[in-house]
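First up is the structure itself, then whatever we jot down about it.
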Number of protein chains: 2
Amino acid sequence: MLKKRGIFMRIAIIGAGSIGLLFSSYINSDFDVTLYTRTKEQAEEINHFGLTLKKGVQITKIAACAVPFTEWDGTEDLSIITVKQYQLDSIISKLNDLPVTTNNLLFLQNGMGHLKLLNTLKANNIFVGSVEHGAYRENPYTVSHNGDGVTNVSVVRGDSAELIQFASSAPSNFPIVIKEDYYRMLTSKLIVNAVINPLTALLHVKNGDLIRNPFYLQTVEKLFAEICQILNLENREENLKKIKNICDLTADNRSSMLKDLEAGRSTEVDAILGFLLEEAIRKDMEAPIVASLSCLIKGKEYARGDYL
Amino acid sequence: MLKKRGIFMRIAIIGAGSIGLLFSSYINSDFDVTLYTRTKEQAEEINHFGLTLKKGVQITKIAACAVPFTEWDGTEDLSIITVKQYQLDSIISKLNDLPVTTNNLLFLQNGMGHLKLLNTLKANNIFVGSVEHGAYRENPYTVSHNGDGVTNVSVVRGDSAELIQFASSAPSNFPIVIKEDYYRMLTSKLIVNAVINPLTALLHVKNGDLIRNPFYLQTVEKLFAEICQILNLENREENLKKIKNICDLTADNRSSMLKDLEAGRSTEVDAILGFLLEEAIRKDMEAPIVASLSCLIKGKEYARGDYL
């Protein structure tokens with residue numbers, strides 16, 4: 001293996017999708033990073049070509065160390081799991097076969113569907129994060145960073161020492177911000193995703209259309225109200241304003257769920273709306289709009305872009 | 001005017017869309033029919049070319065008498081109003097300026113949104129009908145009859161003599177069936193329209209997809225359940241079976257609402273879902289799925305096919 005050895009904190013990045021490639025590219029020079037890929041081929045390509053980070057007109061090449069996921073032994077100081085929520089199962093099962101003491105695990109999945117999975121983990125120190133960057137994987141070793149943001153992280157259980165060290169050593173152009181309340185942190189992102197993603201994906205529109213079209217905006221408000229009830233949310237006005245603001249700032253963007261449907265991929269509907277539905281069931285509440293949207297998105301996934 | 005005068009019952013057909021042209025074509029030889037058009041140009045074209053009725057490989061030419069709507073004086077024995085529900089306002093206002101005694105009025109609008117408008121009419125004898133034919137207007141004087149069916153009619157108020165005479169004189173290949181209970185008759189069609197139209201239009205799929213895709217079928221069932229509650233419907237199983245059966249029989253068809261959206265036309269969403277929403281408000285009930293679908297369809301109308 002071509003790994004650097006030295007005083008650097010050792011970081012495993014699990015998954016080489018857009019977020020995995022983005023993290024590897026930015027933190028590679030400040031940590032001893034190993035990037036774990038699903039396929040041997042991708043690891044070989046990354047080792048051969050290095051990573052390419054595109055930002056605006058700037059293109060940066062980064063030498064990287066990639067290894068197939070099967071070789072992961074969990075001995076790094078911190079492992080950052082960047083795969084989608086629906087890909088977590090195999091990772092969780094491998095994690096539970098590793099020695100407990102080695103595991104500092106940071107989960108970066110969208111939504112909150114993974115929280116119940118994390119409860120099944122034997123590892124001591126479990127962290128979650130919420131990534132606000134926009135990133136697009138152009139090919140197996142190239143990522144385009146098309147939306148600046150921060151990564152919020154928070155402790156779910158255990159000791160926060162490694163997380164704090166990671167956050168404080170991260171480069172200033174890729175900030176890692178520690179939050180006190182992980183549930184609040186994830187909820188804050190969930191409500192944004194739960195409104196913007198399913199509606200844009202179902203209507204086949206860009207984010208800005210949700211606020212420009214007065215009828216779509218009415219639906220945004222109806223859906224948001226139902227989500228607020230399920231989560232028993234405070235600061236409703238403020239949160240709705242935040243959603244509208246994001247639609248405005250990202251007006252010309254296609255949401256990730258829309259892009260997933262367009263590409264015939266699975267969406268994160270279970271991680272986002274599925275979590276809300278489970279919460280509604282747990283609290284014995286009705287969630288007719290969330291339930292219908294969830295069904296319709298799953299129907300679109302089932303149809304795999306097989307439109308008229 | 002080129003009108004036949006004789007022993008025939010005199011019929012006015014108001015509106016020369018697909019249903020107006022279909023009725024004119026079929027009943028022309030058994031009644032003294034005048035077809036009232038919105039524009040002078042269409043009347044001229046119909047008088048010049050005659051009507052063309054296409055059914056399968058069969059093409060029939062029919063000499064017809066068409067007149068602009070502005071010349072309508074309401075003196076026919078029966079007036080059949082075939083315009084869309086959202087075009088009724090100008091007709092209602094003209095109707096109320098005519099002498100009351102002349103009016104036998106048969107309304108053929110989809111949905112039930114027009115019922116409250118009919119209450120405002122001064123005319124004595126008000127009938128409604130539910131057309132089960134499939135018809136498509138190919139040009140201002142040509143209609144394609146692509147789905148066989150009957151026309152159910154029923155008395156809302158007044159004397160049924162003219163309606164009975166009309167039904168009994170109608171040709172056997174274009175049956176007019178008198179029903180006892182107009183509300184039940186319209187409800188029966190409304191629930192079919194309220195499920196199939198908005199979902200196919202929103203999802204941009206053919207009727208058959210609603211039952212072939214298990215997730216769309218779940219949404220059909222959720223929406224149907226909400227409609228049943230609003231209408232306090234009996235025979236739920238039977239009605240749901242009927243909806244699924246229609247999806248199966250018309251599997252390759254695009255619904256009228258989908259076709260309207262595709263063509264950038266207004267849809268009948270108010271006549272169909274709008275009525276259900278008003279019923280829900282009247283009964284102080286929640287109708288989250290119907291309300292959301294209504295909003296989303298209006299949003300699509302507003303966007304006028306302006307997709308990605």
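As shown in the structure tokens, the chain order sets the letters A, B, ...; within each chain, residues go from 1, and ligands are also counted from 1 in the order they appear.
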Enumerate, in order of chain and increasing residue number, the residues of chain A with an atom no farther than 12 Å from chain B, each with its shortest atom pair and distance in Å to one decimal, counting only C-alpha atoms, as a tab-separated table.
residue	atom	partner	partner_atom	distance
A:Leu199	CA	B:Leu296	CA	9.3
A:Thr200	CA	B:Leu308	CA	10.6
A:Ala201	CA	B:Leu203	CA	10.5
A:Leu202	CA	B:Leu203	CA	7.2
A:Leu203	CA	B:Leu202	CA	7.2
A:His204	CA	B:Leu308	CA	6.7
A:Val205	CA	B:Leu308	CA	5.9
A:Lys206	CA	B:Leu308	CA	7.4
A:Asn207	CA	B:Leu308	CA	11.1
A:Gly208	CA	B:Leu308	CA	11.8
A:Asp209	CA	B:Ala303	CA	9.0
A:Leu210	CA	B:Gly299	CA	9.4
A:Ile211	CA	B:Gly299	CA	10.9
A:Arg212	CA	B:Ala303	CA	9.8
A:Asn213	CA	B:Gly299	CA	6.3
A:Pro214	CA	B:Gly299	CA	7.1
A:Phe215	CA	B:Gly299	CA	4.6
A:Tyr216	CA	B:Gly299	CA	5.5
A:Leu217	CA	B:Gly299	CA	8.8
A:Gln218	CA	B:Cys295	CA	6.9
A:Thr219	CA	B:Ser292	CA	5.9
A:Val220	CA	B:Ser292	CA	9.4
A:Glu221	CA	B:Ser292	CA	10.1
A:Lys222	CA	B:Ser292	CA	7.5
A:Leu223	CA	B:Ser292	CA	8.4
A:Phe224	CA	B:Ser292	CA	11.9
A:Ala225	CA	B:Pro288	CA	11.0
A:Glu226	CA	B:Pro288	CA	9.5
A:Asp252	CA	B:Leu308	CA	10.4
A:Asn253	CA	B:Leu308	CA	10.9
A:Arg254	CA	B:Leu308	CA	9.4
A:Leu258	CA	B:Leu308	CA	10.9
A:Lys259	CA	B:Leu308	CA	11.8
A:Glu262	CA	B:Leu308	CA	11.2
A:Glu286	CA	B:Pro288	CA	10.3
A:Ala287	CA	B:Pro288	CA	9.1
A:Pro288	CA	B:Ile289	CA	6.4
A:Ile289	CA	B:Ile289	CA	5.9
A:Val290	CA	B:Ile289	CA	9.5
A:Ala291	CA	B:Thr219	CA	8.6
A:Ser292	CA	B:Thr219	CA	5.9
A:Leu293	CA	B:Thr219	CA	8.7
A:Ser294	CA	B:Phe215	CA	8.9
A:Cys295	CA	B:Phe215	CA	5.3
A:Leu296	CA	B:Tyr216	CA	6.0
A:Ile297	CA	B:Phe215	CA	8.3
A:Lys298	CA	B:Phe215	CA	6.2
A:Gly299	CA	B:Phe215	CA	4.6
A:Lys300	CA	B:Leu203	CA	8.2
A:Glu301	CA	B:Phe215	CA	9.4
A:Tyr302	CA	B:Asn213	CA	7.2
A:Ala303	CA	B:Asn213	CA	7.3
A:Arg304	CA	B:Asn213	CA	11.0
A:Gly305	CA	B:Val205	CA	10.9
A:Asp306	CA	B:Val205	CA	9.0
A:Tyr307	CA	B:Val205	CA	6.5
A:Leu308	CA	B:Val205	CA	5.9
For segment 60-72 of chain A: contacts at 8 Å, only C-alpha atoms, fewer than 3 positions along chain excluded, given as a count of residues only: 26
Close residues, Asn193 of chain A itself excluded, 10 Å, only C-alpha atoms, min 2 positions apart in chain, as a count of residues only: 20
Test item, strand (DSSP E) assignment across segment 23-270 of chain A, answer as a PyMOL selection string: chain A and resi 32-37+51-55+58-62+66-68+78-81+104-107+125-131+134-139+142-147+151-157+176-178
Segment 74-196 of chain B: residues DSSP assigns to helix (DSSP H, G or I), reported as number ranges by chain: B: 85-95, 100-102, 115-118, 161-169, 182-196
Spatial neighbours of Lys84 of chain A, 12 Å, only C-alpha atoms, chain gap at least 5 places, as a count of residues only: 28
Spatial neighbours of segment 143-147 of chain A, max dist 6 Å, only C-alpha atoms, sep filter under 3 positions, as a ChimeraX atom specification: /A:53-55,133-138
Would you put the residues from that selection into a file with C-alpha atoms, as a PDB file, in the first residue's frame?
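The resulting file, again.pdb, is reproduced below:
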ATOM      1  CA  LEU A  53     -10.872  18.192  -7.845  1.00  0.00           C
ATOM      2  CA  LYS A  54     -12.699  20.736  -9.983  1.00  0.00           C
ATOM      3  CA  LYS A  55     -13.898  23.997  -8.511  1.00  0.00           C
ATOM      4  CA  HIS A 133     -21.382  21.003   0.127  1.00  0.00           C
ATOM      5  CA  GLY A 134     -22.631  20.513  -3.392  1.00  0.00           C
ATOM      6  CA  ALA A 135     -20.568  17.906  -5.196  1.00  0.00           C
ATOM      7  CA  TYR A 136     -20.862  15.868  -8.358  1.00  0.00           C
ATOM      8  CA  ARG A 137     -18.811  12.809  -9.284  1.00  0.00           C
ATOM      9  CA  GLU A 138     -17.793  13.242 -12.914  1.00  0.00           C
TER      10      GLU A 138
END
B:Arg10, B:Asn125, B:Arg236, B:Leu186 ranked by distance to Asn152 of chain B, top pick (using only C-alpha atoms):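 Nearest to Asn152 of chain B: B:Leu186.
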Shortest interatomic distance to Ala280 of chain A - which of A:Ser168, A:Ser160, A:Gln229, A:Asn235, counting only C-alpha atoms: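 Comparing A:Ser168, A:Ser160, A:Gln229, A:Asn235 against Ala280 of chain A, the winner is A:Gln229.
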Atom CA of Glu45 of chain B to atom CA of Leu21 of chain B, distance in Å rounded to a single decimal: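 Spanning atom CA of Glu45 of chain B to atom CA of Leu21 of chain B is a straight-line distance of 12.7 Å.
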Å distance separating atom CA of Leu163 of chain A from atom CA of Asp73 of chain A, one decimal place: 19.5 Å
Residue contacts of Pro171 of chain A (8 Å, only C-alpha atoms) excluding same-chain residues fewer than 2 positions away, as a VMD selection string: chain A and resid 26 to 27 30 169 173 to 175
Save the residues we just selected, N, CA and C atoms, as a compact mmCIF listing (two decimals), in the first residue's frame?
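Written file, result13.txt:
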# COMPACT_ATOMS: atom_id res chain seq x y z
N TYR A 26 -10.01 17.11 -0.31
CA TYR A 26 -9.75 18.27 0.55
C TYR A 26 -8.87 17.95 1.75
N ILE A 27 -9.04 16.78 2.34
CA ILE A 27 -8.33 16.53 3.61
C ILE A 27 -7.06 15.72 3.42
N ASP A 30 -3.76 16.99 5.00
CA ASP A 30 -3.70 17.22 6.44
C ASP A 30 -3.85 15.95 7.27
N SER A 169 -8.12 19.83 12.95
CA SER A 169 -7.00 19.68 12.00
C SER A 169 -7.44 19.85 10.55
N ASN A 173 -10.25 25.70 4.22
CA ASN A 173 -11.16 25.77 3.06
C ASN A 173 -12.13 24.59 3.02
N PHE A 174 -12.12 23.78 4.08
CA PHE A 174 -13.06 22.65 4.15
C PHE A 174 -13.47 22.46 5.61
N PRO A 175 -14.22 23.43 6.14
CA PRO A 175 -14.46 23.45 7.59
C PRO A 175 -15.35 22.31 8.10
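Take atom CA of Arg157 of chain A and atom CA of Arg282 of chain A: the distance between them is 22.5 Å.
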Nearest-residue call for Ser130 of chain A, choices A:Cys247, A:Tyr182, A:Val83, A:Pro99, using only C-alpha atoms: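 Closest candidate: A:Tyr182.
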